file target32.cif (mmCIF, C-alpha atoms)
data_final
loop_
_atom_site.group_PDB
_atom_site.id
_atom_site.type_symbol
_atom_site.label_atom_id
_atom_site.label_comp_id
_atom_site.auth_asym_id
_atom_site.auth_seq_id
_atom_site.Cartn_x
_atom_site.Cartn_y
_atom_site.Cartn_z
ATOM 1 C CA MET A 15 -32.796 -64.147 69.111
ATOM 2 C CA ALA A 16 -31.163 -61.869 71.689
ATOM 3 C CA TYR A 17 -30.141 -63.036 75.141
ATOM 4 C CA GLU A 18 -32.617 -61.335 77.493
ATOM 5 C CA ARG A 19 -31.530 -60.346 80.997
ATOM 6 C CA LEU A 20 -33.400 -58.853 83.934
ATOM 7 C CA TYR A 21 -31.714 -57.338 86.955
ATOM 8 C CA ILE A 22 -33.800 -56.679 90.040
ATOM 9 C CA LEU A 23 -32.107 -54.214 92.364
ATOM 10 C CA VAL A 24 -33.293 -54.549 95.960
ATOM 11 C CA GLU A 25 -32.360 -52.923 99.236
ATOM 12 C CA GLY A 26 -31.258 -55.780 101.465
ATOM 13 C CA ASP A 27 -31.219 -59.449 102.406
ATOM 14 C CA ASP A 28 -34.924 -59.712 103.292
ATOM 15 C CA ASP A 29 -35.866 -58.220 99.918
ATOM 16 C CA LYS A 30 -33.410 -60.484 98.099
ATOM 17 C CA ARG A 31 -34.808 -63.589 99.813
ATOM 18 C CA PHE A 32 -38.394 -62.619 98.914
ATOM 19 C CA PHE A 33 -37.642 -61.777 95.284
ATOM 20 C CA GLU A 34 -35.520 -64.857 94.656
ATOM 21 C CA LYS A 35 -38.110 -67.245 96.072
ATOM 22 C CA ILE A 36 -41.398 -65.675 94.985
ATOM 23 C CA LEU A 37 -40.904 -63.259 92.102
ATOM 24 C CA THR A 38 -37.843 -64.403 90.151
ATOM 25 C CA PRO A 39 -39.591 -67.620 88.997
ATOM 26 C CA LEU A 40 -42.367 -65.494 87.451
ATOM 27 C CA PHE A 41 -39.804 -63.839 85.159
ATOM 28 C CA GLU A 42 -37.861 -66.938 84.164
ATOM 29 C CA GLY A 43 -40.107 -67.670 81.188
ATOM 30 C CA LYS A 44 -39.620 -64.142 79.827
ATOM 31 C CA TYR A 45 -35.862 -63.837 80.391
ATOM 32 C CA ASP A 46 -32.847 -66.045 79.849
ATOM 33 C CA GLN A 47 -31.300 -64.761 83.065
ATOM 34 C CA VAL A 48 -32.796 -63.090 86.149
ATOM 35 C CA LYS A 49 -30.453 -61.723 88.813
ATOM 36 C CA VAL A 50 -31.303 -60.066 92.123
ATOM 37 C CA TRP A 51 -28.695 -57.549 93.317
ATOM 38 C CA LYS A 52 -28.559 -55.744 96.686
ATOM 39 C CA TYR A 53 -27.739 -52.060 96.437
ATOM 40 C CA ALA A 54 -28.315 -50.618 99.917
ATOM 41 C CA GLN A 55 -24.847 -51.388 101.277
ATOM 42 C CA GLN A 56 -23.110 -50.271 98.080
ATOM 43 C CA LYS A 57 -21.567 -46.889 97.476
ATOM 44 C CA LYS A 58 -23.617 -44.548 95.304
ATOM 45 C CA GLU A 59 -20.949 -44.615 92.586
ATOM 46 C CA LYS A 60 -21.020 -48.416 92.411
ATOM 47 C CA VAL A 61 -24.808 -48.462 92.041
ATOM 48 C CA SER A 62 -24.593 -45.801 89.318
ATOM 49 C CA LYS A 63 -21.953 -47.794 87.432
ATOM 50 C CA PHE A 64 -24.046 -50.934 87.772
ATOM 51 C CA LEU A 65 -27.078 -49.135 86.305
ATOM 52 C CA GLU A 66 -24.910 -47.865 83.440
ATOM 53 C CA SER A 67 -23.599 -51.375 82.736
ATOM 54 C CA ILE A 68 -27.151 -52.750 82.655
ATOM 55 C CA LYS A 69 -28.034 -50.122 80.050
ATOM 56 C CA ALA A 70 -24.878 -50.908 78.053
ATOM 57 C CA LEU A 71 -25.964 -54.565 77.950
ATOM 58 C CA SER A 72 -29.424 -53.495 76.744
ATOM 59 C CA ALA A 73 -30.799 -55.470 79.677
ATOM 60 C CA ASP A 74 -33.963 -54.755 81.634
ATOM 61 C CA TYR A 75 -33.977 -53.781 85.276
ATOM 62 C CA ILE A 76 -36.345 -53.080 88.119
ATOM 63 C CA PHE A 77 -35.233 -50.866 91.001
ATOM 64 C CA VAL A 78 -37.140 -51.696 94.194
ATOM 65 C CA SER A 79 -37.312 -49.367 97.192
ATOM 66 C CA ASP A 80 -39.368 -49.107 100.355
ATOM 67 C CA ILE A 81 -41.359 -45.894 100.662
ATOM 68 C CA ASP A 82 -39.586 -45.215 103.971
ATOM 69 C CA ARG A 83 -40.322 -41.752 105.355
ATOM 70 C CA THR A 84 -41.356 -40.128 102.097
ATOM 71 C CA PRO A 85 -44.956 -38.926 101.914
ATOM 72 C CA CYS A 86 -45.862 -40.681 98.639
ATOM 73 C CA VAL A 87 -44.607 -42.836 95.773
ATOM 74 C CA THR A 88 -43.857 -39.818 93.562
ATOM 75 C CA ALA A 89 -41.682 -38.221 96.238
ATOM 76 C CA ARG A 90 -39.794 -41.493 96.755
ATOM 77 C CA LYS A 91 -39.163 -41.852 93.020
ATOM 78 C CA GLN A 92 -37.944 -38.241 92.844
ATOM 79 C CA TYR A 93 -35.575 -38.878 95.746
ATOM 80 C CA ILE A 94 -34.143 -41.966 94.011
ATOM 81 C CA GLN A 95 -33.783 -40.056 90.725
ATOM 82 C CA SER A 96 -31.920 -37.278 92.508
ATOM 83 C CA LYS A 97 -29.518 -39.875 93.898
ATOM 84 C CA PHE A 98 -29.069 -41.876 90.688
ATOM 85 C CA LYS A 99 -29.241 -39.624 87.615
ATOM 86 C CA GLU A 100 -29.114 -42.550 85.170
ATOM 87 C CA ILE A 101 -32.230 -44.265 86.534
ATOM 88 C CA ASP A 102 -35.483 -44.405 84.602
ATOM 89 C CA LYS A 103 -38.384 -43.499 86.901
ATOM 90 C CA ASP A 104 -40.618 -46.029 85.146
ATOM 91 C CA ARG A 105 -38.307 -48.797 86.340
ATOM 92 C CA ILE A 106 -38.660 -47.861 90.015
ATOM 93 C CA ILE A 107 -41.096 -49.862 92.131
ATOM 94 C CA VAL A 108 -41.940 -48.524 95.576
ATOM 95 C CA VAL A 109 -42.940 -51.047 98.230
ATOM 96 C CA ILE A 110 -45.560 -49.700 100.580
ATOM 97 C CA ARG A 111 -44.608 -49.696 103.464
ATOM 98 C CA GLU A 112 -41.752 -52.159 103.623
ATOM 99 C CA ILE A 113 -40.922 -55.596 102.236
ATOM 100 C CA GLU A 114 -42.260 -57.170 105.428
ATOM 101 C CA SER A 115 -45.746 -56.118 104.289
ATOM 102 C CA TRP A 116 -45.288 -58.252 101.159
ATOM 103 C CA TYR A 117 -44.181 -61.236 103.252
ATOM 104 C CA LEU A 118 -47.389 -61.028 105.287
ATOM 105 C CA ALA A 119 -49.489 -60.401 102.188
ATOM 106 C CA VAL A 120 -48.647 -63.774 100.641
ATOM 107 C CA LEU A 121 -49.951 -65.686 103.677
ATOM 108 C CA ASP A 122 -53.488 -66.993 103.413
ATOM 109 C CA ASP A 123 -55.677 -67.568 106.475
ATOM 110 C CA LYS A 124 -54.706 -71.228 106.824
ATOM 111 C CA SER A 125 -50.954 -70.517 106.627
ATOM 112 C CA SER A 126 -51.280 -67.611 109.063
ATOM 113 C CA LYS A 127 -52.901 -69.903 111.616
ATOM 114 C CA ARG A 128 -50.276 -72.596 111.057
ATOM 115 C CA LEU A 129 -47.524 -70.052 111.692
ATOM 116 C CA GLY A 130 -49.333 -68.688 114.745
ATOM 117 C CA ILE A 131 -50.154 -65.172 113.602
ATOM 118 C CA ARG A 132 -53.397 -63.293 113.143
ATOM 119 C CA TYR A 133 -54.611 -62.938 109.571
ATOM 120 C CA SER A 134 -55.543 -59.455 108.334
ATOM 121 C CA LYS A 135 -57.191 -58.541 105.026
ATOM 122 C CA ALA A 136 -54.701 -55.818 104.106
ATOM 123 C CA THR A 137 -50.982 -55.453 104.788
ATOM 124 C CA ASP A 138 -50.231 -52.143 103.059
ATOM 125 C CA ASN A 139 -49.289 -50.285 106.220
ATOM 126 C CA VAL A 140 -47.229 -52.938 107.996
ATOM 127 C CA THR A 141 -43.836 -51.658 109.183
ATOM 128 C CA LYS A 142 -40.721 -53.619 110.153
ATOM 129 C CA GLU A 143 -41.484 -52.994 113.802
ATOM 130 C CA GLN A 144 -45.050 -54.297 113.497
ATOM 131 C CA PHE A 145 -43.794 -57.330 111.588
ATOM 132 C CA ASN A 146 -41.177 -58.045 114.258
ATOM 133 C CA ASN A 147 -43.844 -57.827 116.968
ATOM 134 C CA LEU A 148 -45.899 -60.488 115.147
ATOM 135 C CA ILE A 149 -43.137 -63.097 115.150
ATOM 136 C CA PRO A 150 -44.235 -65.994 117.378
ATOM 137 C CA ARG A 151 -41.773 -67.131 120.037
ATOM 138 C CA LYS A 152 -41.423 -70.543 118.417
ATOM 139 C CA PHE A 153 -39.193 -68.947 115.773
ATOM 140 C CA ASP A 154 -35.541 -68.426 116.573
ATOM 141 C CA SER A 155 -35.216 -65.265 114.494
ATOM 142 C CA LYS A 156 -36.849 -62.967 111.990
ATOM 143 C CA ILE A 157 -35.034 -64.804 109.205
ATOM 144 C CA ASP A 158 -36.345 -68.152 110.457
ATOM 145 C CA PHE A 159 -39.898 -66.744 110.434
ATOM 146 C CA MET A 160 -39.478 -65.263 106.945
ATOM 147 C CA GLN A 161 -38.146 -68.546 105.603
ATOM 148 C CA GLU A 162 -41.216 -70.341 106.961
ATOM 149 C CA ILE A 163 -43.453 -67.810 105.222
ATOM 150 C CA LEU A 164 -41.627 -68.485 101.961
ATOM 151 C CA LYS A 165 -42.438 -72.190 102.290
ATOM 152 C CA CYS A 166 -46.181 -71.562 102.231
ATOM 153 C CA PHE A 167 -46.684 -68.428 100.145
ATOM 154 C CA ASN A 168 -49.739 -67.752 97.981
ATOM 155 C CA ILE A 169 -49.167 -65.098 95.313
ATOM 156 C CA GLU A 170 -52.858 -64.761 94.508
ATOM 157 C CA THR A 171 -53.593 -63.970 98.167
ATOM 158 C CA GLY A 172 -50.786 -61.402 98.115
ATOM 159 C CA LYS A 173 -52.383 -59.617 95.152
ATOM 160 C CA HIS A 174 -55.539 -59.066 97.178
ATOM 161 C CA ARG A 175 -53.875 -58.081 100.436
ATOM 162 C CA ASN A 176 -51.255 -55.568 99.325
ATOM 163 C CA THR A 177 -51.700 -52.762 96.798
ATOM 164 C CA SER A 178 -48.027 -52.253 95.927
ATOM 165 C CA PHE A 179 -47.495 -56.033 95.527
ATOM 166 C CA ARG A 180 -50.462 -56.185 93.124
ATOM 167 C CA TYR A 181 -49.115 -53.130 91.282
ATOM 168 C CA PHE A 182 -45.727 -54.832 90.871
ATOM 169 C CA LEU A 183 -47.298 -58.003 89.470
ATOM 170 C CA ASP A 184 -49.632 -56.112 87.133
ATOM 171 C CA LYS A 185 -46.970 -53.679 85.886
ATOM 172 C CA HIS A 186 -44.639 -56.523 84.968
ATOM 173 C CA ASN A 187 -47.354 -58.812 83.586
ATOM 174 C CA CYS A 188 -46.560 -61.534 86.083
ATOM 175 C CA GLU A 189 -48.959 -64.412 85.572
ATOM 176 C CA VAL A 190 -49.648 -66.391 88.697
#

call {"tool": "encode", "arguments": {"input": "target32.cif", "output": "structure tokens"}}
result
Amino acid sequence: MAYERLYILVEGDDDKRFFEKILTPLFEGKYDQVKVWKYAQQKKEKVSKFLESIKALSADYIFVSDIDRTPCVTARKQYIQSKFKEIDKDRIIVVIREIESWYLAVLDDKSSKRLGIRYSKATDNVTKEQFNNLIPRKFDSKIDFMQEILKCFNIETGKHRNTSFRYFLDKHNCEV
């Protein structure tokens, strides 16, 4: 039996923290090794070489990107493909709006109250700025707040509160 690897390429530290805590465990039964790798601070050439090496290993990968200022998922995928010629568009996942929306999505009503934030039914349009404005004063930093969220996450709640999070889970057959 072949040694199965999955690489999840994410933009930054907040994404890496979220994927390692919440999503990587969902893949561990399907793969022998799951690695999360940050690409945003890397040079384009290094990312391209990394993608090529993943292909040479016959490993799987998922390339995760925020939608940012692009008008739609298709436009974001086209932008990424123009930047990285070796990327397969079917392996690109676009987070709508930003990873902070996924953090909020995995909080149920009870956890939201415990953390001191208002619960909302949908988090699809939450931006970094809106997320930062929600952080209660009792937290020393954004990272501190995010780490608290990761202690009380509920994946099933996240599926119902964020469309792109649900899409990610469904596309990759992640059983909760």

call {"tool": "closest_residue", "arguments": {"input": "target32.cif", "among": "A:Val120, A:Ile101, A:Leu40, A:Ile68", "to": "Glu162 in chain A", "atoms": "all atoms listed in the file"}}
result
A:Val120

call {"tool": "resolve_selection", "arguments": {"input": "target32.cif", "expression": "the PyMOL selection byres ((chain A and resi 26) around 10)", "output": "list in words"}}
result
Leu23, Val24, Glu25, Asp27, Asp28, Asp29, Lys30, Arg31, Trp51, Lys52, Tyr53, Ala54, Gln55, Ser79 and Ile113 of chain A

call {"tool": "atom_distance", "arguments": {"input": "target32.cif", "atom1": "CA of Glu18 in chain A", "atom2": "CA of Ala73 in chain A"}}
result
6.5 Å

call {"tool": "axis_aligned_box", "arguments": {"input": "target32.cif", "around": "range 133-146 of chain A", "padding_each_side": "4 Å", "output": "JSON"}}
result
{"center_x": -49.0, "center_y": -56.6, "center_z": 108.7, "size_x": 24.5, "size_y": 20.7, "size_z": 19.2}

call {"tool": "resolve_selection", "arguments": {"input": "target32.cif", "expression": "the PyMOL selection byres ((chain A and resi 167-173) around 8)", "output": "list in words"}}
result
Ile36, Trp116, Leu118, Ala119, Val120, Leu121, Asp122, Ile163, Leu164, Lys165, Cys166, His174, Arg175, Asn176, Thr177, Phe179, Arg180, Leu183 and Val190 of chain A

call {"tool": "write_last_selection", "arguments": {"input": "target32.cif", "atoms": "C-alpha atoms", "output": "PDB file, keeping the file's coordinate frame"}}
result
ATOM      1  CA  ILE A  36     -41.398 -65.675  94.985  1.00  0.00           C
ATOM      2  CA  TRP A 116     -45.288 -58.252 101.159  1.00  0.00           C
ATOM      3  CA  LEU A 118     -47.389 -61.028 105.287  1.00  0.00           C
ATOM      4  CA  ALA A 119     -49.489 -60.401 102.188  1.00  0.00           C
ATOM      5  CA  VAL A 120     -48.647 -63.774 100.641  1.00  0.00           C
ATOM      6  CA  LEU A 121     -49.951 -65.686 103.677  1.00  0.00           C
ATOM      7  CA  ASP A 122     -53.488 -66.993 103.413  1.00  0.00           C
ATOM      8  CA  ILE A 163     -43.453 -67.810 105.222  1.00  0.00           C
ATOM      9  CA  LEU A 164     -41.627 -68.485 101.961  1.00  0.00           C
ATOM     10  CA  LYS A 165     -42.438 -72.190 102.290  1.00  0.00           C
ATOM     11  CA  CYS A 166     -46.181 -71.562 102.231  1.00  0.00           C
ATOM     12  CA  HIS A 174     -55.539 -59.066  97.178  1.00  0.00           C
ATOM     13  CA  ARG A 175     -53.875 -58.081 100.436  1.00  0.00           C
ATOM     14  CA  ASN A 176     -51.255 -55.568  99.325  1.00  0.00           C
ATOM     15  CA  THR A 177     -51.700 -52.762  96.798  1.00  0.00           C
ATOM     16  CA  PHE A 179     -47.495 -56.033  95.527  1.00  0.00           C
ATOM     17  CA  ARG A 180     -50.462 -56.185  93.124  1.00  0.00           C
ATOM     18  CA  LEU A 183     -47.298 -58.003  89.470  1.00  0.00           C
ATOM     19  CA  VAL A 190     -49.648 -66.391  88.697  1.00  0.00           C
TER      20      VAL A 190
END

call {"tool": "decode", "arguments": {"input": "target32.cif", "residues": "range 30-156 of chain A", "atoms": "C-alpha atoms", "output": "PDB file, in the first residue's frame"}}
result
ATOM      1  CA  LYS A  30      -2.471  27.414   9.823  1.00  0.00           C
ATOM      2  CA  ARG A  31      -3.740  27.440  13.418  1.00  0.00           C
ATOM      3  CA  PHE A  32      -7.329  26.782  12.284  1.00  0.00           C
ATOM      4  CA  PHE A  33      -6.439  23.985   9.869  1.00  0.00           C
ATOM      5  CA  GLU A  34      -4.075  22.221  12.252  1.00  0.00           C
ATOM      6  CA  LYS A  35      -6.564  22.206  15.117  1.00  0.00           C
ATOM      7  CA  ILE A  36      -9.889  21.673  13.352  1.00  0.00           C
ATOM      8  CA  LEU A  37      -9.408  20.224   9.879  1.00  0.00           C
ATOM      9  CA  THR A  38      -6.171  18.222   9.904  1.00  0.00           C
ATOM     10  CA  PRO A  39      -7.622  15.615  12.319  1.00  0.00           C
ATOM     11  CA  LEU A  40     -10.451  14.963   9.832  1.00  0.00           C
ATOM     12  CA  PHE A  41      -7.888  13.868   7.226  1.00  0.00           C
ATOM     13  CA  GLU A  42      -5.681  11.754   9.467  1.00  0.00           C
ATOM     14  CA  GLY A  43      -7.701   8.594   8.864  1.00  0.00           C
ATOM     15  CA  LYS A  44      -7.389   8.996   5.085  1.00  0.00           C
ATOM     16  CA  TYR A  45      -3.699   9.940   4.925  1.00  0.00           C
ATOM     17  CA  ASP A  46      -0.511   8.714   6.535  1.00  0.00           C
ATOM     18  CA  GLN A  47       0.762  12.279   6.781  1.00  0.00           C
ATOM     19  CA  VAL A  48      -1.015  15.652   6.738  1.00  0.00           C
ATOM     20  CA  LYS A  49       1.075  18.826   6.630  1.00  0.00           C
ATOM     21  CA  VAL A  50      -0.071  22.446   6.677  1.00  0.00           C
ATOM     22  CA  TRP A  51       2.283  24.846   4.871  1.00  0.00           C
ATOM     23  CA  LYS A  52       2.106  28.666   4.775  1.00  0.00           C
ATOM     24  CA  TYR A  53       2.678  30.157   1.346  1.00  0.00           C
ATOM     25  CA  ALA A  54       1.810  33.855   1.650  1.00  0.00           C
ATOM     26  CA  GLN A  55       5.243  35.003   2.819  1.00  0.00           C
ATOM     27  CA  GLN A  56       7.071  32.794   0.315  1.00  0.00           C
ATOM     28  CA  LYS A  57       8.404  33.892  -3.032  1.00  0.00           C
ATOM     29  CA  LYS A  58       6.317  32.837  -6.021  1.00  0.00           C
ATOM     30  CA  GLU A  59       9.130  30.602  -7.287  1.00  0.00           C
ATOM     31  CA  LYS A  60       9.336  28.742  -3.973  1.00  0.00           C
ATOM     32  CA  VAL A  61       5.586  28.085  -3.956  1.00  0.00           C
ATOM     33  CA  SER A  62       5.764  26.865  -7.564  1.00  0.00           C
ATOM     34  CA  LYS A  63       8.638  24.508  -6.737  1.00  0.00           C
ATOM     35  CA  PHE A  64       6.755  23.238  -3.704  1.00  0.00           C
ATOM     36  CA  LEU A  65       3.690  22.490  -5.855  1.00  0.00           C
ATOM     37  CA  GLU A  66       5.918  20.681  -8.361  1.00  0.00           C
ATOM     38  CA  SER A  67       7.510  18.591  -5.598  1.00  0.00           C
ATOM     39  CA  ILE A  68       4.073  17.617  -4.274  1.00  0.00           C
ATOM     40  CA  LYS A  69       3.153  16.399  -7.758  1.00  0.00           C
ATOM     41  CA  ALA A  70       6.462  14.524  -8.076  1.00  0.00           C
ATOM     42  CA  LEU A  71       5.643  12.710  -4.820  1.00  0.00           C
ATOM     43  CA  SER A  72       2.188  11.834  -6.187  1.00  0.00           C
ATOM     44  CA  ALA A  73       0.796  13.452  -3.051  1.00  0.00           C
ATOM     45  CA  ASP A  74      -2.515  15.260  -2.687  1.00  0.00           C
ATOM     46  CA  TYR A  75      -2.798  18.938  -1.913  1.00  0.00           C
ATOM     47  CA  ILE A  76      -5.363  21.592  -1.167  1.00  0.00           C
ATOM     48  CA  PHE A  77      -4.570  25.240  -1.885  1.00  0.00           C
ATOM     49  CA  VAL A  78      -6.587  27.560   0.367  1.00  0.00           C
ATOM     50  CA  SER A  79      -7.089  31.257  -0.352  1.00  0.00           C
ATOM     51  CA  ASP A  80      -9.329  34.025   0.920  1.00  0.00           C
ATOM     52  CA  ILE A  81     -11.555  35.573  -1.732  1.00  0.00           C
ATOM     53  CA  ASP A  82     -10.019  38.968  -0.913  1.00  0.00           C
ATOM     54  CA  ARG A  83     -11.073  41.689  -3.349  1.00  0.00           C
ATOM     55  CA  THR A  84     -12.036  39.428  -6.227  1.00  0.00           C
ATOM     56  CA  PRO A  85     -15.697  39.511  -7.245  1.00  0.00           C
ATOM     57  CA  CYS A  86     -16.294  35.736  -7.122  1.00  0.00           C
ATOM     58  CA  VAL A  87     -14.734  32.321  -6.540  1.00  0.00           C
ATOM     59  CA  THR A  88     -14.078  31.760 -10.256  1.00  0.00           C
ATOM     60  CA  ALA A  89     -12.172  35.035 -10.557  1.00  0.00           C
ATOM     61  CA  ARG A  90     -10.090  34.185  -7.477  1.00  0.00           C
ATOM     62  CA  LYS A  91      -9.229  30.748  -8.864  1.00  0.00           C
ATOM     63  CA  GLN A  92      -8.260  32.304 -12.210  1.00  0.00           C
ATOM     64  CA  TYR A  93      -6.016  34.797 -10.424  1.00  0.00           C
ATOM     65  CA  ILE A  94      -4.277  31.987  -8.506  1.00  0.00           C
ATOM     66  CA  GLN A  95      -3.871  29.942 -11.705  1.00  0.00           C
ATOM     67  CA  SER A  96      -2.309  32.923 -13.450  1.00  0.00           C
ATOM     68  CA  LYS A  97       0.189  33.195 -10.598  1.00  0.00           C
ATOM     69  CA  PHE A  98       0.954  29.478 -10.278  1.00  0.00           C
ATOM     70  CA  LYS A  99       0.795  27.732 -13.664  1.00  0.00           C
ATOM     71  CA  GLU A 100       1.261  24.256 -12.161  1.00  0.00           C
ATOM     72  CA  ILE A 101      -1.796  24.453  -9.899  1.00  0.00           C
ATOM     73  CA  ASP A 102      -4.920  22.406 -10.522  1.00  0.00           C
ATOM     74  CA  LYS A 103      -8.000  24.623 -10.183  1.00  0.00           C
ATOM     75  CA  ASP A 104      -9.950  21.749  -8.633  1.00  0.00           C
ATOM     76  CA  ARG A 105      -7.520  21.763  -5.714  1.00  0.00           C
ATOM     77  CA  ILE A 106      -8.140  25.427  -4.880  1.00  0.00           C
ATOM     78  CA  ILE A 107     -10.543  26.220  -2.049  1.00  0.00           C
ATOM     79  CA  VAL A 108     -11.668  29.819  -1.657  1.00  0.00           C
ATOM     80  CA  VAL A 109     -12.633  30.976   1.827  1.00  0.00           C
ATOM     81  CA  ILE A 110     -15.467  33.459   1.784  1.00  0.00           C
ATOM     82  CA  ARG A 111     -14.678  36.108   3.046  1.00  0.00           C
ATOM     83  CA  GLU A 112     -11.670  35.379   5.205  1.00  0.00           C
ATOM     84  CA  ILE A 113     -10.525  32.675   7.614  1.00  0.00           C
ATOM     85  CA  GLU A 114     -11.923  34.708  10.507  1.00  0.00           C
ATOM     86  CA  SER A 115     -15.407  33.881   9.188  1.00  0.00           C
ATOM     87  CA  TRP A 116     -14.627  30.176   9.663  1.00  0.00           C
ATOM     88  CA  TYR A 117     -13.430  30.796  13.226  1.00  0.00           C
ATOM     89  CA  LEU A 118     -16.753  32.443  14.079  1.00  0.00           C
ATOM     90  CA  ALA A 119     -18.717  29.792  12.202  1.00  0.00           C
ATOM     91  CA  VAL A 120     -17.555  26.975  14.482  1.00  0.00           C
ATOM     92  CA  LEU A 121     -18.888  28.719  17.605  1.00  0.00           C
ATOM     93  CA  ASP A 122     -22.304  27.614  18.786  1.00  0.00           C
ATOM     94  CA  ASP A 123     -24.613  29.908  20.762  1.00  0.00           C
ATOM     95  CA  LYS A 124     -23.408  28.661  24.146  1.00  0.00           C
ATOM     96  CA  SER A 125     -19.710  29.107  23.281  1.00  0.00           C
ATOM     97  CA  SER A 126     -20.374  32.550  21.800  1.00  0.00           C
ATOM     98  CA  LYS A 127     -21.968  33.669  25.056  1.00  0.00           C
ATOM     99  CA  ARG A 128     -19.134  32.181  27.106  1.00  0.00           C
ATOM    100  CA  LEU A 129     -16.606  34.106  25.019  1.00  0.00           C
ATOM    101  CA  GLY A 130     -18.673  37.289  25.248  1.00  0.00           C
ATOM    102  CA  ILE A 131     -19.675  37.775  21.627  1.00  0.00           C
ATOM    103  CA  ARG A 132     -23.011  37.943  19.868  1.00  0.00           C
ATOM    104  CA  TYR A 133     -24.048  34.821  17.987  1.00  0.00           C
ATOM    105  CA  SER A 134     -25.152  35.200  14.359  1.00  0.00           C
ATOM    106  CA  LYS A 135     -26.676  32.528  12.115  1.00  0.00           C
ATOM    107  CA  ALA A 136     -24.336  33.127   9.178  1.00  0.00           C
ATOM    108  CA  THR A 137     -20.695  34.198   9.019  1.00  0.00           C
ATOM    109  CA  ASP A 138     -20.085  34.198   5.258  1.00  0.00           C
ATOM    110  CA  ASN A 139     -19.452  37.920   4.991  1.00  0.00           C
ATOM    111  CA  VAL A 140     -17.311  38.485   8.079  1.00  0.00           C
ATOM    112  CA  THR A 141     -14.087  40.388   7.344  1.00  0.00           C
ATOM    113  CA  LYS A 142     -10.901  40.628   9.412  1.00  0.00           C
ATOM    114  CA  GLU A 143     -11.906  44.097  10.528  1.00  0.00           C
ATOM    115  CA  GLN A 144     -15.350  42.954  11.688  1.00  0.00           C
ATOM    116  CA  PHE A 145     -13.780  40.000  13.485  1.00  0.00           C
ATOM    117  CA  ASN A 146     -11.271  42.271  15.226  1.00  0.00           C
ATOM    118  CA  ASN A 147     -14.092  44.567  16.355  1.00  0.00           C
ATOM    119  CA  LEU A 148     -15.851  41.590  17.985  1.00  0.00           C
ATOM    120  CA  ILE A 149     -12.917  40.650  20.208  1.00  0.00           C
ATOM    121  CA  PRO A 150     -13.930  41.252  23.838  1.00  0.00           C
ATOM    122  CA  ARG A 151     -11.545  43.312  25.958  1.00  0.00           C
ATOM    123  CA  LYS A 152     -10.867  40.372  28.257  1.00  0.00           C
ATOM    124  CA  PHE A 153      -8.612  38.910  25.557  1.00  0.00           C
ATOM    125  CA  ASP A 154      -5.055  40.152  25.314  1.00  0.00           C
ATOM    126  CA  SER A 155      -4.839  39.737  21.546  1.00  0.00           C
ATOM    127  CA  LYS A 156      -6.489  38.402  18.429  1.00  0.00           C
TER     128      LYS A 156
END
